[in-house]
Amino acid sequence: VKILFLVKLGGSVITDKTRTCAFKREVVDRLASELSYANMKGVLVTGAGSFGHILAKKYKLNEGLTTCNLEQVYGLARVQRDVRLLNLKVCNVLLKHNLSPVSLPPSAMVRCNKGKITSLDLTIFKDYLDLGTIPVTFGDVVLDAARGFCICSGDLMMEEISRVFKFDCAIFVTDVDGVFDADPKVCRSAKLIEEIEVDTKIENLVREENLFGDKKKARNDVTGKMFGKLKSALKIASYGTDVYIINGLVDGRLKALLCGKKVVCTKIKAKVKERGKREKEVEKIT
Ligand code: IPE
């Protein structure tokens, strides 16, 4: 049986986060060749990076619809256009590597309430997977019952998809080697944490202020950097899927991990009991 992956290509890997809409074509090209080499089967999620966060912050999209709403609505339209553009750029590169991506925009499929997903037809993902394509979704701006709209991050999509479907492994491709006990970009003595148990309290691993890293960069990031990522990863692990946080800027790491090799990374170990239970559930469905 082929291994089923759920992979998020983070915005900091596929874009230059400091410049608006700067696509890192070479990095994406290499990552696509690694996915293609491993003949990756599964679902992909792309982050927004500088195609999303900069304007989302400018128009305060993470606050939902506020009083100066007309301008915000214009901002929503711009950000939706930009993240879709980024997603299609990634799909373009994947196609060049003979993969078959199918772009699935959350803005047209997801409803939220207070930032939480309340409806999403995940059978669409499953059916596209069964066809042999790679469903590719992304961080987006979506409808929200209480707030008008909200940001639905790629991480939130990862959580929702893995809550419902069983993947063998979820991978967050980032611009750092994994989770450190301090910010590696600021603190030289920061140590990589290689394994994290699913029940771990984040506060016990890392001092919170260290997780947000470079303040200047964090200011353009409306979804909270590694702290939020780790929270998502722990949730996915609690649903029964092993999670890996890896560095996508290092040549060959994604490929090696997809091929079952040991790589430098942080692994968040799944709740085993949950995994067994879910396997039974999946058997029932199929
Ligand atoms: C954010 O998506 C979406 C918007 C800002 C519209 P993500 O939170 O998944 O993006 P990255 O990976 O952090 O850039």
# chains A, B, ... in the order shown; residues from 1 in each chain; ligands from 1
$ residues_near_ligand --ligand "ligand 1" --cutoff "6 Å" --atoms "only C-alpha atoms and all ligand atoms" --output "VMD selection string"
chain A and resid 10 to 12 47 to 49 52 to 53 56 139 to 141 151 153 to 155 223
$ residues_around --residues "Val263 of chain A" --least-positions-apart "4" --cutoff "9 Å" --atoms "only C-alpha atoms" --output "ChimeraX atom specification"
/A:246,253-254,256-257
$ write_last_selection --atoms "all heavy atoms" --output "PDB file, in the first residue's frame"
ATOM      1  N   ILE A 246      10.006  19.991   9.192  1.00  0.00           N
ATOM      2  CA  ILE A 246      11.330  19.883   8.570  1.00  0.00           C
ATOM      3  C   ILE A 246      11.732  21.187   7.877  1.00  0.00           C
ATOM      4  O   ILE A 246      10.895  22.062   7.634  1.00  0.00           O
ATOM      5  CB  ILE A 246      11.396  18.734   7.529  1.00  0.00           C
ATOM      6  CG1 ILE A 246      10.494  19.027   6.314  1.00  0.00           C
ATOM      7  CG2 ILE A 246      11.040  17.412   8.148  1.00  0.00           C
ATOM      8  CD1 ILE A 246      10.837  18.192   5.108  1.00  0.00           C
ATOM      9  N   ARG A 253      15.983  17.114   1.971  1.00  0.00           N
ATOM     10  CA  ARG A 253      15.372  16.644   3.221  1.00  0.00           C
ATOM     11  C   ARG A 253      13.956  16.138   3.022  1.00  0.00           C
ATOM     12  O   ARG A 253      13.584  15.095   3.539  1.00  0.00           O
ATOM     13  CB  ARG A 253      15.378  17.759   4.275  1.00  0.00           C
ATOM     14  CG  ARG A 253      16.669  17.758   5.005  1.00  0.00           C
ATOM     15  CD  ARG A 253      16.589  18.326   6.391  1.00  0.00           C
ATOM     16  NE  ARG A 253      17.968  18.539   6.795  1.00  0.00           N
ATOM     17  CZ  ARG A 253      18.386  19.510   7.569  1.00  0.00           C
ATOM     18  NH1 ARG A 253      17.528  20.363   8.061  1.00  0.00           N
ATOM     19  NH2 ARG A 253      19.651  19.613   7.867  1.00  0.00           N
ATOM     20  N   LEU A 254      13.178  16.878   2.245  1.00  0.00           N
ATOM     21  CA  LEU A 254      11.788  16.456   2.015  1.00  0.00           C
ATOM     22  C   LEU A 254      11.788  15.111   1.301  1.00  0.00           C
ATOM     23  O   LEU A 254      11.064  14.187   1.685  1.00  0.00           O
ATOM     24  CB  LEU A 254      11.036  17.522   1.197  1.00  0.00           C
ATOM     25  CG  LEU A 254       9.592  17.164   0.834  1.00  0.00           C
ATOM     26  CD1 LEU A 254       8.731  16.969   2.085  1.00  0.00           C
ATOM     27  CD2 LEU A 254       8.968  18.234  -0.068  1.00  0.00           C
ATOM     28  N   ALA A 256      14.080  12.783   1.253  1.00  0.00           N
ATOM     29  CA  ALA A 256      14.522  11.706   2.143  1.00  0.00           C
ATOM     30  C   ALA A 256      13.399  11.279   3.085  1.00  0.00           C
ATOM     31  O   ALA A 256      13.151  10.083   3.274  1.00  0.00           O
ATOM     32  CB  ALA A 256      15.742  12.163   2.928  1.00  0.00           C
ATOM     33  N   LEU A 257      12.711  12.263   3.641  1.00  0.00           N
ATOM     34  CA  LEU A 257      11.625  11.941   4.574  1.00  0.00           C
ATOM     35  C   LEU A 257      10.504  11.189   3.860  1.00  0.00           C
ATOM     36  O   LEU A 257       9.981  10.193   4.360  1.00  0.00           O
ATOM     37  CB  LEU A 257      11.091  13.227   5.224  1.00  0.00           C
ATOM     38  CG  LEU A 257      10.019  13.058   6.299  1.00  0.00           C
ATOM     39  CD1 LEU A 257      10.524  12.203   7.458  1.00  0.00           C
ATOM     40  CD2 LEU A 257       9.556  14.413   6.827  1.00  0.00           C
TER      41      LEU A 257
END
$ residues_around --residues "Leu131 of chain A" --least-positions-apart "6" --cutoff "12 Å" --atoms "only C-alpha atoms" --output "PyMOL selection string"
chain A and resi 41-42+100-102+124-125
$ residues_around --residues "segment 265-271 of chain A" --least-positions-apart "5" --cutoff "10 Å" --atoms "only C-alpha atoms" --output "JSON, numbers by chain"
{"A": [169, 170, 171, 172, 173, 176, 177, 178, 179, 180, 192, 193, 194, 195, 196, 197, 198, 199, 200, 230, 233, 234, 235, 236, 237, 238, 239, 240, 241, 242, 243, 244, 245, 246, 247, 253, 257, 276]}
$ write_last_selection --atoms "N, CA, C and O atoms" --output "short mmCIF file (atom, residue, chain, number, x, y, z; two decimals), in the first residue's frame"
data_model
loop_
_atom_site.label_atom_id
_atom_site.label_comp_id
_atom_site.auth_asym_id
_atom_site.auth_seq_id
_atom_site.Cartn_x
_atom_site.Cartn_y
_atom_site.Cartn_z
N CYS A 169 1.28 10.19 7.50
CA CYS A 169 2.25 11.15 8.01
C CYS A 169 1.90 12.56 7.54
O CYS A 169 1.46 12.74 6.40
N ALA A 170 2.04 13.52 8.44
CA ALA A 170 1.83 14.93 8.06
C ALA A 170 3.18 15.64 8.17
O ALA A 170 3.94 15.40 9.11
N ILE A 171 3.48 16.47 7.19
CA ILE A 171 4.77 17.16 7.18
C ILE A 171 4.58 18.67 7.03
O ILE A 171 3.89 19.12 6.12
N PHE A 172 5.17 19.42 7.95
CA PHE A 172 5.22 20.87 7.80
C PHE A 172 6.59 21.24 7.25
O PHE A 172 7.61 21.06 7.94
N VAL A 173 6.62 21.72 6.02
CA VAL A 173 7.89 22.13 5.42
C VAL A 173 8.10 23.61 5.75
O VAL A 173 7.32 24.47 5.31
N VAL A 176 13.07 26.38 9.01
CA VAL A 176 13.98 26.01 10.11
C VAL A 176 13.99 24.48 10.24
O VAL A 176 13.11 23.80 9.73
N ASP A 177 15.00 23.96 10.97
CA ASP A 177 15.16 22.51 11.05
C ASP A 177 14.06 21.80 11.82
O ASP A 177 13.91 20.59 11.75
N GLY A 178 13.30 22.56 12.61
CA GLY A 178 12.25 21.95 13.42
C GLY A 178 11.92 22.88 14.57
O GLY A 178 12.08 24.10 14.46
N VAL A 179 11.50 22.30 15.69
CA VAL A 179 11.18 23.11 16.86
C VAL A 179 12.41 23.18 17.75
O VAL A 179 13.03 22.17 18.06
N PHE A 180 12.77 24.38 18.13
CA PHE A 180 13.94 24.59 18.99
C PHE A 180 13.49 25.03 20.38
O PHE A 180 12.35 25.49 20.55
N LEU A 192 17.76 21.88 18.85
CA LEU A 192 16.63 21.25 18.16
C LEU A 192 16.02 20.18 19.06
O LEU A 192 16.72 19.37 19.63
N ILE A 193 14.70 20.20 19.15
CA ILE A 193 14.00 19.14 19.90
C ILE A 193 13.59 18.08 18.88
O ILE A 193 12.79 18.34 18.00
N GLU A 194 14.20 16.89 18.99
CA GLU A 194 13.99 15.88 17.92
C GLU A 194 12.66 15.17 18.01
O GLU A 194 12.08 14.79 17.01
N GLU A 195 12.21 14.95 19.25
CA GLU A 195 10.94 14.23 19.39
C GLU A 195 10.07 14.87 20.45
O GLU A 195 10.55 15.27 21.50
N ILE A 196 8.79 14.97 20.14
CA ILE A 196 7.85 15.55 21.08
C ILE A 196 6.69 14.57 21.25
O ILE A 196 6.15 14.06 20.27
N GLU A 197 6.35 14.30 22.50
CA GLU A 197 5.20 13.43 22.76
C GLU A 197 3.92 14.22 22.57
O GLU A 197 3.88 15.43 22.82
N VAL A 198 2.89 13.52 22.18
CA VAL A 198 1.65 14.19 21.83
C VAL A 198 1.02 14.96 23.01
O VAL A 198 0.36 15.97 22.83
N ASP A 199 1.26 14.47 24.23
CA ASP A 199 0.63 15.12 25.39
C ASP A 199 1.44 16.29 25.95
O ASP A 199 1.07 16.88 26.96
N THR A 200 2.54 16.62 25.29
CA THR A 200 3.42 17.67 25.79
C THR A 200 2.72 19.03 25.85
O THR A 200 1.99 19.40 24.95
N LEU A 230 3.14 24.51 16.11
CA LEU A 230 3.29 23.42 17.06
C LEU A 230 1.93 23.02 17.63
O LEU A 230 1.63 21.83 17.81
N ALA A 233 0.36 20.99 15.04
CA ALA A 233 1.03 19.69 14.94
C ALA A 233 0.58 18.76 16.07
O ALA A 233 0.31 17.58 15.84
N LEU A 234 0.45 19.31 17.28
CA LEU A 234 0.04 18.48 18.42
C LEU A 234 -1.39 18.00 18.23
O LEU A 234 -1.75 16.87 18.58
N LYS A 235 -2.21 18.87 17.65
CA LYS A 235 -3.61 18.49 17.41
C LYS A 235 -3.67 17.35 16.40
O LYS A 235 -4.37 16.35 16.60
N ILE A 236 -2.90 17.49 15.31
CA ILE A 236 -2.90 16.46 14.27
C ILE A 236 -2.39 15.13 14.85
O ILE A 236 -2.94 14.07 14.58
N ALA A 237 -1.36 15.21 15.70
CA ALA A 237 -0.83 14.01 16.34
C ALA A 237 -1.88 13.38 17.26
O ALA A 237 -1.98 12.16 17.37
N SER A 238 -2.69 14.25 17.90
CA SER A 238 -3.73 13.72 18.79
C SER A 238 -4.82 13.00 17.99
O SER A 238 -5.55 12.18 18.52
N TYR A 239 -4.93 13.31 16.70
CA TYR A 239 -5.89 12.61 15.85
C TYR A 239 -5.32 11.28 15.33
O TYR A 239 -5.99 10.56 14.61
N GLY A 240 -4.04 11.00 15.64
CA GLY A 240 -3.48 9.71 15.26
C GLY A 240 -2.50 9.73 14.10
O GLY A 240 -2.14 8.68 13.59
N THR A 241 -2.05 10.92 13.69
CA THR A 241 -1.08 10.99 12.58
C THR A 241 0.27 11.52 13.08
O THR A 241 0.30 12.55 13.76
N ASP A 242 1.35 10.83 12.74
CA ASP A 242 2.68 11.34 13.08
C ASP A 242 2.94 12.62 12.30
O ASP A 242 2.62 12.71 11.12
N VAL A 243 3.54 13.60 12.96
CA VAL A 243 3.80 14.88 12.31
C VAL A 243 5.30 15.18 12.31
O VAL A 243 5.98 14.94 13.30
N TYR A 244 5.79 15.67 11.20
CA TYR A 244 7.20 16.05 11.10
C TYR A 244 7.29 17.53 10.73
O TYR A 244 6.57 17.99 9.85
N ILE A 245 8.17 18.25 11.41
CA ILE A 245 8.45 19.64 11.03
C ILE A 245 9.87 19.65 10.47
O ILE A 245 10.81 19.28 11.19
N ILE A 246 10.01 19.99 9.19
CA ILE A 246 11.33 19.88 8.57
C ILE A 246 11.73 21.19 7.88
O ILE A 246 10.89 22.06 7.63
N ASN A 247 13.01 21.26 7.53
CA ASN A 247 13.53 22.44 6.84
C ASN A 247 13.52 22.19 5.33
O ASN A 247 14.24 21.33 4.83
N ARG A 253 15.98 17.11 1.97
CA ARG A 253 15.37 16.64 3.22
C ARG A 253 13.96 16.14 3.02
O ARG A 253 13.58 15.09 3.54
N LEU A 257 12.71 12.26 3.64
CA LEU A 257 11.63 11.94 4.57
C LEU A 257 10.50 11.19 3.86
O LEU A 257 9.98 10.19 4.36
N GLY A 276 -5.04 3.42 16.17
CA GLY A 276 -5.71 2.13 16.03
C GLY A 276 -7.20 2.30 15.84
O GLY A 276 -7.80 1.70 14.95
#
$ atom_distance --atom1 "atom CA of Leu4 of chain A" --atom2 "atom CA of Val164 of chain A"
13.9 Å
$ closest_residue --among "A:Leu120, A:Ile3, A:Leu70, A:Leu205" --to "Lys191 of chain A" --atoms "only C-alpha atoms"
A:Leu205
$ closest_residue --among "A:Ile202, A:Met40, A:Ile161, A:Leu104" --to "Gly132 of chain A" --atoms "only C-alpha atoms"
A:Met40
$ closest_residue --among "A:Ser103, A:Arg147, A:Lys231, A:Gly64" --to "Lys201 of chain A" --atoms "only C-alpha atoms"
A:Lys231
$ closest_atom_pairs --of "segment 241-275 of chain A" --to "segment 32-35 of chain A" --cutoff "8 Å" --atoms "only C-alpha atoms" --output "JSON lines"
{"residue": "A:Gly252", "atom": "CA", "partner": "A:Glu34", "partner_atom": "CA", "distance": 6.9}
{"residue": "A:Leu254", "atom": "CA", "partner": "A:Glu34", "partner_atom": "CA", "distance": 6.5}
{"residue": "A:Lys255", "atom": "CA", "partner": "A:Glu34", "partner_atom": "CA", "distance": 4.8}
{"residue": "A:Leu258", "atom": "CA", "partner": "A:Leu35", "partner_atom": "CA", "distance": 7.7}
$ write_last_selection --atoms "all heavy atoms" --output "mmCIF file, in the first residue's frame"
data_model
loop_
_atom_site.group_PDB
_atom_site.id
_atom_site.type_symbol
_atom_site.label_atom_id
_atom_site.label_comp_id
_atom_site.auth_asym_id
_atom_site.auth_seq_id
_atom_site.Cartn_x
_atom_site.Cartn_y
_atom_site.Cartn_z
ATOM 1 N N GLY A 252 17.106 18.140 -0.393
ATOM 2 C CA GLY A 252 16.968 16.690 -0.210
ATOM 3 C C GLY A 252 16.263 16.214 1.043
ATOM 4 O O GLY A 252 15.961 15.030 1.174
ATOM 5 N N LEU A 254 13.178 16.878 2.245
ATOM 6 C CA LEU A 254 11.788 16.456 2.015
ATOM 7 C C LEU A 254 11.788 15.111 1.301
ATOM 8 O O LEU A 254 11.064 14.187 1.685
ATOM 9 C CB LEU A 254 11.036 17.522 1.197
ATOM 10 C CG LEU A 254 9.592 17.164 0.834
ATOM 11 C CD1 LEU A 254 8.731 16.969 2.085
ATOM 12 C CD2 LEU A 254 8.968 18.234 -0.068
ATOM 13 N N LYS A 255 12.622 15.004 0.277
ATOM 14 C CA LYS A 255 12.707 13.765 -0.495
ATOM 15 C C LYS A 255 13.062 12.587 0.420
ATOM 16 O O LYS A 255 12.416 11.539 0.374
ATOM 17 C CB LYS A 255 13.771 13.920 -1.593
ATOM 18 C CG LYS A 255 13.973 12.699 -2.450
ATOM 19 C CD LYS A 255 14.837 13.004 -3.650
ATOM 20 C CE LYS A 255 16.307 12.863 -3.315
ATOM 21 N NZ LYS A 255 17.158 13.189 -4.476
ATOM 22 N N LEU A 258 10.166 11.651 2.654
ATOM 23 C CA LEU A 258 9.111 10.990 1.877
ATOM 24 C C LEU A 258 9.508 9.556 1.524
ATOM 25 O O LEU A 258 8.661 8.683 1.363
ATOM 26 C CB LEU A 258 8.810 11.768 0.584
ATOM 27 C CG LEU A 258 8.157 13.148 0.727
ATOM 28 C CD1 LEU A 258 8.155 13.869 -0.606
ATOM 29 C CD2 LEU A 258 6.741 13.040 1.272
#
$ select_by_dssp --residues "segment 48-196 of chain A" --states "strand (DSSP E)" --output "PyMOL selection string"
chain A and resi 101-103+111-113+116-119+134-138+140-144+148-152+169-174+195-196
$ write_last_selection --atoms "N, CA, C and O atoms" --output "compact mmCIF listing (two decimals), in the first residue's frame"
# COMPACT_ATOMS: atom_id res chain seq x y z
N PRO A 101 -1.53 18.25 -9.91
CA PRO A 101 -2.19 19.00 -8.84
C PRO A 101 -3.57 19.49 -9.23
O PRO A 101 -3.79 19.85 -10.40
N VAL A 102 -4.49 19.49 -8.28
CA VAL A 102 -5.82 20.07 -8.50
C VAL A 102 -6.04 21.10 -7.40
O VAL A 102 -6.03 20.77 -6.20
N SER A 103 -6.19 22.36 -7.79
CA SER A 103 -6.28 23.45 -6.81
C SER A 103 -7.67 23.54 -6.19
O SER A 103 -8.67 23.65 -6.90
N ARG A 111 -16.74 27.13 5.28
CA ARG A 111 -17.44 28.11 6.10
C ARG A 111 -16.89 28.02 7.52
O ARG A 111 -16.62 26.93 8.01
N CYS A 112 -16.73 29.18 8.14
CA CYS A 112 -16.23 29.20 9.51
C CYS A 112 -17.22 29.90 10.43
O CYS A 112 -18.14 30.60 9.98
N ASN A 113 -17.04 29.68 11.72
CA ASN A 113 -17.73 30.48 12.73
C ASN A 113 -16.71 30.82 13.80
O ASN A 113 -16.10 29.92 14.38
N LYS A 116 -13.40 29.09 13.43
CA LYS A 116 -13.34 27.62 13.41
C LYS A 116 -14.12 27.10 12.21
O LYS A 116 -15.21 27.63 11.89
N ILE A 117 -13.61 26.05 11.56
CA ILE A 117 -14.29 25.52 10.38
C ILE A 117 -15.58 24.81 10.80
O ILE A 117 -15.58 23.94 11.67
N THR A 118 -16.69 25.24 10.19
CA THR A 118 -17.97 24.58 10.49
C THR A 118 -18.45 23.73 9.32
O THR A 118 -19.24 22.82 9.52
N SER A 119 -18.03 24.06 8.11
CA SER A 119 -18.39 23.16 7.02
C SER A 119 -17.34 23.14 5.92
O SER A 119 -16.76 24.16 5.55
N ILE A 134 -3.26 15.18 -7.10
CA ILE A 134 -2.84 15.69 -5.79
C ILE A 134 -3.68 16.93 -5.48
O ILE A 134 -3.47 17.99 -6.06
N PRO A 135 -4.67 16.79 -4.59
CA PRO A 135 -5.44 17.98 -4.19
C PRO A 135 -4.50 18.98 -3.50
O PRO A 135 -3.73 18.60 -2.64
N VAL A 136 -4.58 20.24 -3.94
CA VAL A 136 -3.73 21.27 -3.35
C VAL A 136 -4.60 22.40 -2.83
O VAL A 136 -5.25 23.10 -3.61
N THR A 137 -4.63 22.57 -1.52
CA THR A 137 -5.40 23.67 -0.97
C THR A 137 -4.43 24.67 -0.32
O THR A 137 -3.22 24.50 -0.40
N PHE A 138 -4.95 25.70 0.32
CA PHE A 138 -4.03 26.75 0.79
C PHE A 138 -4.64 27.62 1.88
O PHE A 138 -5.85 27.53 2.15
N ASP A 140 -6.25 30.91 3.21
CA ASP A 140 -7.15 31.76 2.42
C ASP A 140 -7.99 32.65 3.35
O ASP A 140 -7.90 32.56 4.57
N VAL A 141 -8.81 33.50 2.75
CA VAL A 141 -9.81 34.25 3.51
C VAL A 141 -11.15 33.61 3.19
O VAL A 141 -11.47 33.40 2.01
N VAL A 142 -11.93 33.26 4.21
CA VAL A 142 -13.18 32.52 3.99
C VAL A 142 -14.35 33.20 4.71
O VAL A 142 -14.15 34.08 5.55
N LEU A 143 -15.55 32.76 4.41
CA LEU A 143 -16.74 33.29 5.08
C LEU A 143 -16.78 32.85 6.53
O LEU A 143 -16.40 31.73 6.86
N ASP A 144 -17.25 33.76 7.39
CA ASP A 144 -17.37 33.43 8.82
C ASP A 144 -18.72 33.94 9.30
O ASP A 144 -19.05 35.13 9.12
N GLY A 148 -18.24 37.74 9.54
CA GLY A 148 -18.29 38.14 8.14
C GLY A 148 -17.30 37.33 7.31
O GLY A 148 -17.65 36.64 6.37
N PHE A 149 -16.05 37.44 7.71
CA PHE A 149 -15.00 36.62 7.08
C PHE A 149 -13.92 36.38 8.11
O PHE A 149 -13.89 37.03 9.16
N CYS A 150 -13.05 35.46 7.82
CA CYS A 150 -11.90 35.23 8.69
C CYS A 150 -10.77 34.62 7.89
O CYS A 150 -10.97 34.20 6.74
N ILE A 151 -9.61 34.58 8.50
CA ILE A 151 -8.48 33.92 7.85
C ILE A 151 -8.52 32.44 8.18
O ILE A 151 -8.67 32.06 9.34
N CYS A 152 -8.47 31.64 7.16
CA CYS A 152 -8.40 30.19 7.36
C CYS A 152 -6.99 29.79 6.94
O CYS A 152 -6.69 29.74 5.74
N CYS A 169 1.28 10.19 7.50
CA CYS A 169 2.25 11.15 8.01
C CYS A 169 1.90 12.56 7.54
O CYS A 169 1.46 12.74 6.40
N ALA A 170 2.04 13.52 8.44
CA ALA A 170 1.83 14.93 8.06
C ALA A 170 3.18 15.64 8.17
O ALA A 170 3.94 15.40 9.11
N ILE A 171 3.48 16.47 7.19
CA ILE A 171 4.77 17.16 7.18
C ILE A 171 4.58 18.67 7.03
O ILE A 171 3.89 19.12 6.12
N PHE A 172 5.17 19.42 7.95
CA PHE A 172 5.22 20.87 7.80
C PHE A 172 6.59 21.24 7.25
O PHE A 172 7.61 21.06 7.94
N VAL A 173 6.62 21.72 6.02
CA VAL A 173 7.89 22.13 5.42
C VAL A 173 8.10 23.61 5.75
O VAL A 173 7.32 24.47 5.31
N THR A 174 9.13 23.91 6.56
CA THR A 174 9.34 25.28 7.05
C THR A 174 10.74 25.77 6.65
O THR A 174 11.44 25.10 5.90
N GLU A 195 12.21 14.95 19.25
CA GLU A 195 10.94 14.23 19.39
C GLU A 195 10.07 14.87 20.45
O GLU A 195 10.55 15.27 21.50
N ILE A 196 8.79 14.97 20.14
CA ILE A 196 7.85 15.55 21.08
C ILE A 196 6.69 14.57 21.25
O ILE A 196 6.15 14.06 20.27
$ atom_distance --atom1 "atom CA of Arg163 of chain A" --atom2 "atom CA of Leu86 of chain A"
25.7 Å
$ select_by_dssp --residues "segment 68-191 of chain A" --states "helix (DSSP H, G or I)" --output "ChimeraX atom specification"
/A:69-96,106-108,123-130,154-164
$ atom_distance --atom1 "atom CA of Asn92 of chain A" --atom2 "atom CA of Val28 of chain A"
10.2 Å
$ residues_around --residues "Arg30 of chain A" --least-positions-apart "6" --cutoff "12 Å" --atoms "only C-alpha atoms" --output "list in words"
Val13, Ile14, Lys24, Ser36, Tyr37, Val90, Val93, Leu94, Lys96, His97, Gly248, Leu249, Val250, Asp251, Gly252, Arg253, Leu254 and Lys255 of chain A
$ write_last_selection --atoms "C-alpha atoms" --output "PDB file, in the first residue's frame"
ATOM      1  CA  VAL A  13       9.667  28.551   2.206  1.00  0.00           C
ATOM      2  CA  ILE A  14       7.804  29.283  -1.011  1.00  0.00           C
ATOM      3  CA  LYS A  24      10.665  31.644  -4.574  1.00  0.00           C
ATOM      4  CA  SER A  36       8.010  13.992  -7.885  1.00  0.00           C
ATOM      5  CA  TYR A  37      11.045  11.785  -7.143  1.00  0.00           C
ATOM      6  CA  VAL A  90       2.955  26.252  -7.186  1.00  0.00           C
ATOM      7  CA  VAL A  93       5.700  24.132 -11.098  1.00  0.00           C
ATOM      8  CA  LEU A  94       4.238  20.787  -9.971  1.00  0.00           C
ATOM      9  CA  LYS A  96       6.252  20.811 -14.949  1.00  0.00           C
ATOM     10  CA  HIS A  97       7.446  17.941 -12.783  1.00  0.00           C
ATOM     11  CA  GLY A 248      12.565  22.792   3.179  1.00  0.00           C
ATOM     12  CA  LEU A 249      15.475  25.087   2.408  1.00  0.00           C
ATOM     13  CA  VAL A 250      17.927  22.217   2.836  1.00  0.00           C
ATOM     14  CA  ASP A 251      18.360  20.236  -0.360  1.00  0.00           C
ATOM     15  CA  GLY A 252      16.968  16.690  -0.210  1.00  0.00           C
ATOM     16  CA  ARG A 253      15.372  16.644   3.221  1.00  0.00           C
ATOM     17  CA  LEU A 254      11.788  16.456   2.015  1.00  0.00           C
ATOM     18  CA  LYS A 255      12.707  13.765  -0.495  1.00  0.00           C
TER      19      LYS A 255
END
